[in-house]
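Asks: Following this line is structure.txt, made up of compact mmCIF, C-alpha atoms:
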```
# COMPACT_ATOMS: atom_id res chain seq x y z
CA MET W 1 120.10 110.41 219.28
CA ALA W 2 118.26 113.33 220.78
CA ILE W 3 121.37 114.58 222.51
CA ALA W 4 123.28 114.24 219.27
CA ASP W 5 120.65 116.38 217.55
CA MET W 6 120.78 118.94 220.33
CA ARG W 7 124.55 119.18 219.96
CA GLN W 8 123.95 120.43 216.44
CA ARG W 9 121.66 123.15 217.78
CA PRO W 10 123.06 124.43 221.04
CA GLY W 11 121.05 127.66 220.86
CA VAL W 12 117.78 125.78 220.82
CA ALA W 13 118.92 123.65 223.69
CA LEU W 14 119.88 126.75 225.65
CA ALA W 15 116.55 128.42 224.96
CA ALA W 16 114.68 125.29 225.99
CA ALA W 17 116.69 125.01 229.18
CA ILE W 18 116.17 128.66 230.06
CA LEU W 19 112.45 128.34 229.42
CA LEU W 20 112.31 125.27 231.58
CA HIS W 21 113.99 127.06 234.43
CA VAL W 22 111.90 130.16 234.10
CA VAL W 23 108.73 128.11 234.24
CA LEU W 24 110.06 126.18 237.17
CA ILE W 25 111.00 129.33 239.06
CA SER W 26 107.72 131.02 238.24
CA ALA W 27 105.78 128.08 239.60
CA GLN W 28 107.32 128.58 243.00
CA VAL W 29 107.57 132.32 243.34
CA ASN W 30 104.66 134.41 244.51
CA THR W 31 104.15 138.01 243.55
CA THR W 32 103.72 140.72 246.16
CA ALA W 33 99.99 140.02 245.97
CA GLY W 34 100.62 136.43 246.99
CA ILE W 35 99.76 134.96 243.62
CA PRO W 36 102.16 132.44 242.07
CA LEU W 37 104.32 134.12 239.48
CA LEU W 38 103.63 131.33 237.01
CA GLN W 39 99.94 132.13 237.19
CA VAL W 40 100.62 135.81 236.80
CA VAL W 41 102.93 135.31 233.85
CA THR W 42 100.64 132.73 232.27
CA PHE W 43 97.60 134.91 232.85
CA GLY W 44 99.41 137.95 231.55
CA ALA W 45 100.56 136.17 228.43
CA PHE W 46 97.20 134.53 227.84
CA SER W 47 95.36 137.76 228.47
CA GLU W 48 97.29 139.27 225.59
CA VAL W 49 96.11 136.39 223.43
CA GLN W 50 92.57 137.02 224.66
CA ARG W 51 92.93 140.71 223.99
CA ALA W 52 94.13 140.06 220.46
CA THR W 53 91.30 137.60 219.90
CA MET W 54 88.74 140.04 221.23
CA ALA W 55 90.18 142.81 219.09
CA MET W 56 89.82 140.58 216.08
CA ILE W 57 86.26 139.65 217.03
CA ASP W 58 85.41 143.30 217.68
CA GLY W 59 86.82 144.21 214.32
CA VAL W 60 84.69 141.60 212.58
CA ARG W 61 81.67 142.62 214.63
CA GLY W 62 82.29 146.29 213.91
CA MET W 63 82.58 145.52 210.22
CA TRP W 64 79.36 143.57 210.36
CA SER W 65 77.43 146.15 212.32
CA GLY W 66 78.99 149.06 210.46
CA TYR W 67 78.49 147.80 206.94
CA VAL W 68 76.60 144.55 206.59
CA ALA W 69 73.87 145.32 209.11
CA LEU W 70 73.22 148.82 207.81
CA GLN W 71 69.85 147.77 206.47
CA GLN W 72 68.62 147.18 209.97
CA VAL W 73 70.16 150.43 211.11
CA ARG W 74 68.39 152.30 208.34
CA GLU W 75 65.05 150.87 209.39
CA GLU W 76 65.85 151.64 213.00
CA ASN W 77 66.86 155.15 212.04
CA ALA W 78 63.57 155.70 210.25
CA THR W 79 61.65 154.38 213.24
CA LEU W 80 63.61 156.59 215.60
CA LYS W 81 63.04 159.63 213.41
CA GLN W 82 59.33 158.93 213.46
CA GLU W 83 59.41 158.51 217.22
CA LEU W 84 61.36 161.74 217.53
CA GLN W 85 58.80 163.62 215.50
CA THR W 86 56.02 162.15 217.60
CA MET W 87 57.85 163.15 220.73
CA GLN W 88 58.46 166.66 219.44
CA ILE W 89 54.77 167.06 218.71
CA ARG W 90 53.93 165.66 222.11
CA LEU W 91 56.41 168.01 223.72
CA GLN W 92 54.78 170.95 222.01
CA GLN W 93 51.41 169.71 223.20
CA GLU W 94 52.69 169.36 226.72
CA ARG W 95 54.23 172.81 226.58
CA ALA W 96 50.99 174.27 225.29
CA GLU W 97 49.12 172.42 227.99
CA ALA W 98 51.42 173.86 230.62
CA GLN W 99 50.97 177.35 229.22
CA ARG W 100 47.25 176.86 229.16
CA THR W 101 47.29 175.64 232.73
CA ASP W 102 49.22 178.72 233.71
CA ASN W 103 46.76 180.95 231.94
CA LEU W 104 43.84 179.20 233.59
CA ARG W 105 45.47 179.60 236.97
CA GLN W 106 45.77 183.32 236.37
CA LEU W 107 42.14 183.43 235.29
CA LEU W 108 41.16 181.61 238.43
CA GLU W 109 43.06 184.08 240.51
CA LEU W 110 41.34 186.91 238.67
CA ARG W 111 37.95 185.35 239.27
CA GLU W 112 38.62 185.05 242.99
CA ARG W 113 39.95 188.57 243.14
CA ALA W 114 37.04 190.11 241.20
CA GLN W 115 34.39 188.25 243.13
CA LEU W 116 32.21 188.19 240.03
CA ASP W 117 30.16 185.46 238.48
CA THR W 118 32.36 184.53 235.63
CA THR W 119 32.98 181.61 233.36
CA ALA W 120 36.15 180.80 231.54
CA ALA W 121 36.25 180.35 227.82
CA GLU W 122 38.84 179.54 225.24
CA VAL W 123 39.49 181.54 222.12
CA ILE W 124 38.84 179.21 219.23
CA ALA W 125 39.03 181.58 216.29
CA GLY W 126 40.37 184.93 215.27
CA PRO W 127 38.81 187.75 213.30
CA ALA W 128 37.06 186.81 210.09
CA SER W 129 38.07 190.08 208.46
CA PRO W 130 40.96 192.43 209.14
CA ASP W 131 38.49 195.26 209.34
CA PHE W 132 36.83 193.85 212.39
CA GLN W 133 38.76 193.06 215.57
CA THR W 134 36.82 190.11 216.88
CA VAL W 135 37.51 186.62 218.22
CA THR W 136 35.35 183.58 218.74
CA ILE W 137 35.12 181.82 222.08
CA ASP W 138 33.94 178.30 222.79
CA LYS W 139 31.01 179.12 225.03
CA GLY W 140 27.56 180.43 224.25
CA THR W 141 24.04 180.58 225.48
CA SER W 142 24.23 177.05 226.82
CA ASP W 143 26.64 178.48 229.38
CA GLU W 144 24.25 181.31 230.17
CA LEU W 145 26.16 183.85 228.14
CA ALA W 146 24.38 186.84 226.68
CA THR W 147 25.05 189.91 224.61
CA ASP W 148 27.12 192.74 226.10
CA MET W 149 28.73 190.64 228.74
CA ALA W 150 32.24 191.85 229.49
CA VAL W 151 35.20 189.72 228.51
CA ILE W 152 38.31 190.13 230.60
CA SER W 153 41.67 188.50 231.06
CA PRO W 154 44.29 188.64 233.80
CA SER W 155 46.01 191.45 231.92
CA GLY W 156 42.94 193.57 231.53
CA VAL W 157 39.80 194.21 229.55
CA VAL W 158 39.46 192.24 226.32
CA GLY W 159 36.12 193.34 224.93
CA ARG W 160 32.48 192.48 225.00
CA LEU W 161 30.35 189.65 223.82
CA ILE W 162 28.38 190.72 220.76
CA MET W 163 26.93 187.59 219.28
CA PRO W 164 26.37 184.47 221.31
CA SER W 165 25.29 181.23 219.75
CA ARG W 166 24.48 178.03 221.58
CA ARG W 167 28.03 176.78 221.95
CA ALA W 168 30.15 179.71 220.78
CA SER W 169 30.21 183.45 220.91
CA LYS W 170 31.73 186.35 219.02
CA VAL W 171 33.66 188.84 221.10
CA GLN W 172 34.34 192.39 219.96
CA LEU W 173 37.80 193.38 221.06
CA LEU W 174 38.30 196.72 222.67
CA ILE W 175 40.66 197.77 219.89
CA ASP W 176 37.91 197.46 217.29
CA LEU W 177 36.91 200.73 215.72
CA ASN W 178 33.36 200.22 216.88
CA ALA W 179 34.26 199.31 220.48
CA ALA W 180 34.02 201.67 223.39
CA ALA W 181 34.24 201.54 227.16
CA GLY W 182 33.69 203.97 229.96
CA ALA W 183 37.10 204.73 231.50
CA LEU W 184 38.86 206.85 234.02
CA ILE W 185 42.42 207.80 234.73
CA GLU W 186 43.25 206.03 237.95
CA ARG W 187 45.60 208.67 239.32
CA THR W 188 43.30 211.69 238.85
CA ARG W 189 39.93 209.90 238.55
CA VAL W 190 39.21 211.92 235.41
CA GLN W 191 36.64 210.15 233.29
CA GLY W 192 36.37 209.64 229.59
CA VAL W 193 35.55 207.06 226.93
CA VAL W 194 38.08 204.63 225.48
CA VAL W 195 37.51 203.63 221.85
CA GLY W 196 39.38 201.46 219.41
CA ALA W 197 41.80 203.21 217.09
CA GLY W 198 41.90 200.35 214.60
CA SER W 199 45.68 200.11 214.72
CA GLY W 200 46.01 198.04 217.88
CA MET W 201 45.97 201.15 220.00
CA LEU W 202 43.17 202.88 221.90
CA LYS W 203 42.07 206.48 222.15
CA MET W 204 40.61 208.11 225.21
CA ARG W 205 38.09 210.73 224.36
CA TYR W 206 36.17 213.38 226.19
CA VAL W 207 38.87 214.11 228.71
CA PRO W 208 38.74 217.83 229.41
CA GLY W 209 41.71 219.82 228.25
CA THR W 210 42.14 221.23 231.75
CA ALA W 211 42.49 217.76 233.29
CA ASP W 212 45.79 216.50 234.69
CA VAL W 213 46.89 213.83 232.30
CA LYS W 214 50.37 212.36 232.04
CA THR W 215 52.00 209.76 229.95
CA GLY W 216 52.10 206.50 231.84
CA ASP W 217 48.91 207.06 233.75
CA LEU W 218 46.87 203.95 234.21
CA VAL W 219 43.45 203.84 232.58
CA VAL W 220 40.79 201.61 234.09
CA THR W 221 37.14 200.94 233.46
CA SER W 222 34.72 203.34 235.12
CA GLY W 223 31.72 201.00 235.02
CA ILE W 224 29.29 203.65 233.79
CA ASP W 225 28.75 201.98 230.41
CA GLY W 226 26.78 199.17 231.95
CA ILE W 227 29.05 196.55 230.34
CA TYR W 228 32.44 196.50 232.01
CA PRO W 229 32.79 196.21 235.76
CA LYS W 230 34.51 199.09 237.43
CA GLY W 231 38.23 199.11 238.08
CA PHE W 232 39.54 196.72 235.44
CA VAL W 233 42.70 197.75 233.63
CA ILE W 234 42.38 199.00 230.10
CA GLY W 235 45.88 200.26 229.48
CA THR W 236 48.36 203.08 230.03
CA ILE W 237 48.48 206.48 228.47
CA ASP W 238 51.05 206.40 225.74
CA HIS W 239 50.81 209.87 224.36
CA VAL W 240 48.93 213.09 225.24
CA ALA W 241 48.55 215.73 222.56
CA SER W 242 47.69 219.19 223.77
CA SER W 243 45.30 220.89 221.47
CA ALA W 244 43.46 224.15 221.35
CA GLY W 245 40.19 222.25 221.60
CA GLU W 246 38.08 221.40 224.56
CA TYR W 247 39.44 217.88 225.07
CA HIS W 248 42.79 216.14 225.21
CA GLU W 249 43.78 213.80 222.43
CA ILE W 250 45.03 210.83 224.38
CA SER W 251 46.53 207.65 222.97
CA VAL W 252 46.29 204.59 225.21
CA ARG W 253 48.37 201.43 224.92
CA PRO W 254 46.19 198.39 225.74
CA ALA W 255 47.20 196.25 228.69
CA VAL W 256 46.12 193.14 226.86
CA ASP W 257 48.18 191.68 224.08
CA PHE W 258 45.27 190.90 221.80
CA ALA W 259 47.38 188.82 219.48
CA ARG W 260 48.03 186.37 222.29
CA VAL W 261 44.71 186.08 223.97
CA GLU W 262 43.86 182.41 224.45
CA GLU W 263 41.71 182.10 227.55
CA VAL W 264 39.29 184.69 228.85
CA LEU W 265 36.73 185.17 231.53
CA ILE W 266 33.18 186.23 230.69
CA VAL W 267 31.58 188.29 233.40
CA ARG W 268 28.06 187.10 233.92
CA THR W 269 27.35 189.54 236.73
CA PRO W 270 25.83 192.70 235.25
CA PRO W 271 27.46 195.95 236.36
CA ALA W 272 25.69 197.87 239.11
CA SER W 273 24.51 200.44 236.62
CA ARG W 274 22.65 197.75 234.66
CA GLU W 275 21.06 196.02 237.62
CA PRO W 276 17.32 196.58 237.86
CA GLY W 277 17.58 198.18 241.25
CA ALA W 278 20.31 200.54 240.17
CA ALA W 279 18.24 202.17 237.51
CA GLN W 280 15.63 203.15 239.95
CA MET M 8 129.93 107.28 228.02
CA ARG M 9 131.27 110.77 228.41
CA SER M 10 127.85 112.00 229.59
CA ALA M 11 127.65 109.23 232.11
CA VAL M 12 131.06 110.10 233.47
CA ALA M 13 129.99 113.74 233.61
CA PHE M 14 126.89 112.94 235.58
CA ALA M 15 128.88 110.69 237.86
CA ALA M 16 131.32 113.51 238.47
CA ILE M 17 128.45 115.81 239.30
CA PHE M 18 127.09 113.40 241.85
CA VAL M 19 130.50 112.98 243.40
CA ALA M 20 130.88 116.74 243.55
CA LEU M 21 127.47 117.10 245.11
CA ALA M 22 128.31 114.46 247.66
CA ALA M 23 131.59 116.11 248.40
CA GLN M 24 129.99 119.52 248.57
CA THR M 25 127.37 118.39 251.01
CA THR M 26 129.63 116.28 253.16
CA LEU M 27 133.23 117.33 252.90
CA ALA M 28 133.16 120.97 251.93
CA GLY M 29 132.13 122.07 255.37
CA TYR M 30 135.11 120.38 256.88
CA VAL M 31 137.74 121.06 254.25
CA PHE M 32 136.89 124.68 253.48
CA ARG M 33 136.07 126.32 256.75
CA SER M 34 136.50 129.82 255.53
CA SER M 35 133.79 132.38 254.96
CA THR M 36 134.04 131.88 251.20
CA PRO M 37 132.45 128.56 250.44
CA ILE M 38 133.76 126.76 247.43
CA ASP M 39 131.20 125.55 244.88
CA LEU M 40 132.55 122.17 243.90
CA VAL M 41 129.55 121.48 241.70
CA LEU M 42 130.21 124.61 239.70
CA ILE M 43 133.79 123.57 239.19
CA VAL M 44 132.67 120.19 237.88
CA VAL M 45 130.16 121.78 235.55
CA VAL M 46 132.83 124.06 234.10
CA TYR M 47 135.18 121.18 233.67
CA VAL M 48 132.56 119.02 231.96
CA ALA M 49 131.67 121.94 229.71
CA ILE M 50 135.19 122.70 228.53
CA LYS M 51 135.83 119.04 227.96
CA SER M 52 132.54 118.10 226.31
CA GLY M 53 131.10 121.22 224.71
CA PRO M 54 128.21 123.62 225.32
CA VAL M 55 125.29 121.22 225.13
CA THR M 56 126.79 118.71 227.54
CA GLY M 57 127.84 121.59 229.72
CA LEU M 58 124.31 122.93 229.56
CA LEU M 59 122.81 119.59 230.52
CA ALA M 60 125.35 119.12 233.26
CA GLY M 61 124.63 122.54 234.58
CA THR M 62 120.88 121.97 234.47
CA VAL M 63 121.02 118.68 236.30
CA ALA M 64 123.60 119.82 238.81
CA GLY M 65 121.89 123.07 239.48
CA LEU M 66 118.45 121.56 239.92
CA ILE M 67 119.73 118.89 242.29
CA GLN M 68 121.70 121.47 244.21
CA ASP M 69 118.61 123.67 244.44
CA ALA M 70 116.54 120.75 245.63
CA LEU M 71 119.06 119.88 248.24
CA ALA M 72 119.69 123.44 249.33
CA GLY M 73 116.00 124.16 249.86
CA GLY M 74 115.85 127.34 247.81
CA ILE M 75 113.79 128.15 244.79
CA LEU M 76 114.11 125.24 242.43
CA GLY M 77 115.51 126.50 239.18
CA ILE M 78 117.42 129.61 240.12
CA GLY M 79 120.66 127.77 240.75
CA GLY M 80 119.77 125.51 237.86
CA LEU M 81 119.42 128.42 235.49
CA ALA M 82 122.67 129.95 236.71
CA LYS M 83 124.60 126.74 236.25
CA THR M 84 122.91 126.07 232.91
CA LEU M 85 124.19 129.39 231.59
CA VAL M 86 127.59 128.80 233.09
CA GLY M 87 127.79 125.32 231.58
CA PHE M 88 126.70 126.53 228.17
CA LEU M 89 129.02 129.54 228.03
CA SER M 90 131.93 127.57 229.45
CA GLY M 91 131.37 125.00 226.74
CA VAL M 92 131.28 127.69 224.09
CA LEU M 93 134.50 129.23 225.40
CA GLY M 94 136.04 125.79 225.66
CA THR M 95 135.36 125.16 222.00
CA GLN M 96 136.41 128.61 220.83
CA PHE M 97 139.57 129.04 222.89
CA ILE M 98 142.37 126.82 224.14
CA VAL M 99 141.76 126.44 227.83
CA THR M 100 144.15 123.68 228.72
CA ALA M 101 146.72 125.81 230.53
CA PRO M 102 146.14 126.73 234.19
CA LEU M 103 145.85 130.47 233.61
CA PRO M 104 143.02 130.37 231.06
CA ARG M 105 141.22 127.90 233.26
CA PHE M 106 141.76 130.15 236.23
CA LEU M 107 140.28 133.07 234.35
CA LEU M 108 137.45 130.91 233.04
CA LEU M 109 136.58 129.80 236.53
CA LEU M 110 136.69 133.39 237.74
CA MET M 111 134.24 134.46 235.01
CA ALA M 112 132.05 131.41 235.52
CA THR M 113 131.75 132.10 239.22
CA ALA M 114 131.01 135.76 238.59
CA LEU M 115 128.33 134.88 236.05
CA HIS M 116 126.84 132.30 238.34
CA ALA M 117 126.72 134.76 241.22
CA ALA M 118 125.27 137.48 239.05
CA VAL M 119 122.45 135.29 237.80
CA PHE M 120 121.82 133.63 241.14
CA MET M 121 121.87 136.77 243.28
CA GLY M 122 120.26 138.84 240.59
CA LEU M 123 117.25 136.56 240.31
CA TYR M 124 116.82 136.28 244.05
CA THR M 125 117.05 140.05 244.40
CA LEU M 126 114.80 140.66 241.42
CA LEU M 127 112.12 138.39 242.84
CA ASP M 128 112.54 139.98 246.25
CA LEU M 129 113.24 136.66 247.88
CA ARG M 130 116.61 137.30 249.48
CA GLU M 131 118.94 140.14 250.21
CA PHE M 132 122.67 140.04 249.68
CA PRO M 133 124.38 142.67 251.77
CA ALA M 134 127.89 143.41 250.47
CA PRO M 135 127.85 140.78 247.72
CA TYR M 136 131.01 141.85 245.91
CA PRO M 137 133.58 140.65 248.50
CA LEU M 138 131.69 137.38 248.67
CA ILE M 139 131.70 136.99 244.92
CA VAL M 140 135.36 137.86 244.59
CA GLY M 141 136.33 135.49 247.36
CA GLN M 142 134.24 132.69 245.95
CA ALA M 143 135.57 133.32 242.46
CA LEU M 144 139.17 133.20 243.62
CA GLY M 145 138.51 130.11 245.73
CA ASN M 146 136.73 128.30 242.94
CA ALA M 147 139.42 129.25 240.47
CA PHE M 148 142.22 128.14 242.75
CA VAL M 149 140.58 124.86 243.73
CA GLY M 150 139.31 124.28 240.22
CA VAL M 151 142.68 124.75 238.55
CA ILE M 152 144.28 122.37 241.02
CA ALA M 153 141.47 119.88 240.61
CA PHE M 154 141.62 120.07 236.83
CA GLN M 155 145.35 119.50 236.88
CA MET M 156 145.00 116.60 239.26
CA ILE M 157 142.27 114.98 237.25
CA GLU M 158 144.26 115.27 234.08
CA TRP M 159 147.47 114.35 235.75
CA PHE M 160 146.07 111.29 237.58
CA PRO M 161 145.49 108.98 234.58
CA GLY M 162 149.02 109.62 233.30
CA PHE M 163 150.38 109.10 236.79
CA VAL M 164 148.66 105.74 237.03
CA ASP M 165 149.89 104.78 233.59
CA ARG M 166 153.43 105.77 234.45
CA ARG M 167 153.39 103.80 237.68
CA ARG M 168 152.11 100.75 235.85
CA ALA M 169 154.75 101.18 233.23
CA GLY M 170 157.46 101.59 235.92
CA ARG M 171 156.34 98.44 237.67
CA PHE M 172 156.40 96.58 234.40
CA LEU M 173 159.96 97.79 233.61
CA ARG M 174 161.28 96.92 237.09
CA ARG M 175 160.10 93.38 236.63
```
Just give me the structure of the file as structure tokens.

Replies:
Amino acid sequence: MAIADMRQRPGVALAAAILLHVVLISAQVNTTAGIPLLQVVTFGAFSEVQRATMAMIDGVRGMWSGYVALQQVREENATLKQELQTMQIRLQQERAEAQRTDNLRQLLELRERAQLDTTAAEVIAGPASPDFQTVTIDKGTSDELATDMAVISPSGVVGRLIMPSRRASKVQLLIDLNAAAGALIERTRVQGVVVGAGSGMLKMRYVPGTADVKTGDLVVTSGIDGIYPKGFVIGTIDHVASSAGEYHEISVRPAVDFARVEEVLIVRTPPASREPGAAQ
Amino acid sequence: MRSAVAFAAIFVALAAQTTLAGYVFRSSTPIDLVLIVVVYVAIKSGPVTGLLAGTVAGLIQDALAGGILGIGGLAKTLVGFLSGVLGTQFIVTAPLPRFLLLLMATALHAAVFMGLYTLLDLREFPAPYPLIVGQALGNAFVGVIAFQMIEWFPGFVDRRRAGRFLRR
């Protein structure tokens, strides 16, 4: 009966016979890797089925995660944004901390180099009025600070302490119109007085018109004012105007960037000219 | 009944191939008696019977020969099927068409058999074409004679019986 049916469909019978033989041959033949060909063929064919199944599952999963599970993603996105903001703030804090550490290191180096009794302080406030170039530091009388103590930074002279309180002090910057410091031109040792010009620049007064003054000359403290220790950098001569008068009109560019002052050193050692023994 | 006769013929051919062929055909071109039987069964009984005959004959021959089981089977299956198809589509009762059919059958068998072995890197066949041609000619020659004898033998027996009856 079965043979009679097969006679009606010789193509099917041929296909079945060929398949039978192929399977039979594959079961006996090894590939170059020594694996039976039947296993290789079966694995290869089944792996395609697996691949198709996995592609289908991935598609469904992708659809789920890409569309259905968006609510969770939205919440996660919000959380991540918040974490990112927190991290950005923390990064800024860390960066500021690193900058502060660097500044403190420079201050420490300055302290060691100057061999003065100093204490470090942090600028906690700027000027209360644009007419007065002052800053507030975080140390006061509790740290043995007193009026007219010099305030310096690694770049140069900052100013002087004009009003100490218990835990804070007001510092008059050297660029203030009312500030002044005894100075000398390092190259020629010509002395004068540096005062604030009110525009962020300094003026050096009382330098004789016959003195050798050049643009670019370094101006340092002379120490005769009894406030600033001798030899600290004030700035460089930016412009020298020859005049018919007795003195040069000298413009000095400050060494300190007053807009960026953050940490300073307060010199607690009085200059030699102010020491009791020196006056005598 | 016809299938049983076909299978019986295959077994006889196999027996002859394994026992007598080495003595009768001592040339370098061995004759495939089983193939000849498969072709004959196919042209007499059609493609499906030819296919089955080829499958059985080929598998048994493979098993006996010790090669890869199925390669000879597949070759003879195709030969049986195509011979059956040609047998139903064309008149292959005369010696010449049968000769040609046997030539083509042998060539196809050799192509599939050697091709698969070569493809699977299991055997090498140096200079296969002279072998194939020789085998094809031998199979065709022996097959045509065998076919004629097989078809002639029943009539011969009948005529002898009839002659005996008339002489009485």

Asks: Identify every residue of chain W that has at least one atom within 7 Å of any atom of chain M, counting all atoms listed in the file, and report the result as a list in words.

Replies: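 Listing them in order of chain and number gives Met6, Arg7, Pro10, Ala13, Ile18, His21, Leu24, Ile25 and Gln28 of chain W.
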
Asks: What is the CA of Arg205 (chain W)-CA of Arg268 (chain W) distance in Å, reported with one decimal?

Replies: 27.4 Å

Asks: Of the residues W:Met56, W:Val261, W:Ala181, W:Val195, which is the one nearest to Ser153 (chain W), using only C-alpha atoms?

Replies: W:Val261

Asks: Just to confirm, what's the straight-line distance from CA of Asp217 (chain W) to CA of Phe132 (chain W) in Å (one decimal)?

Replies: 27.9 Å

Asks: Could you tell me how far CA of Ala20 (chain M) sits from CA of Val41 (chain M), in Å to one decimal place?

Replies: 5.3 Å

Asks: At a cut-off of 6 Å, using all atoms listed in the file, what residues contact Ile234 (chain W)? Leave out same-chain residues fewer than 2 positions from it and give the result as a PDB file with C-alpha atoms, keeping the file's coordinate frame.

Replies:
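File part.pdb, as written:
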```pdb
ATOM      1  CA  GLY W 156      42.940 193.570 231.530  1.00  0.00           C
ATOM      2  CA  VAL W 157      39.800 194.210 229.550  1.00  0.00           C
ATOM      3  CA  VAL W 219      43.450 203.840 232.580  1.00  0.00           C
ATOM      4  CA  VAL W 220      40.790 201.610 234.090  1.00  0.00           C
ATOM      5  CA  PRO W 254      46.190 198.390 225.740  1.00  0.00           C
ATOM      6  CA  ALA W 255      47.200 196.250 228.690  1.00  0.00           C
TER       7      ALA W 255
END
```
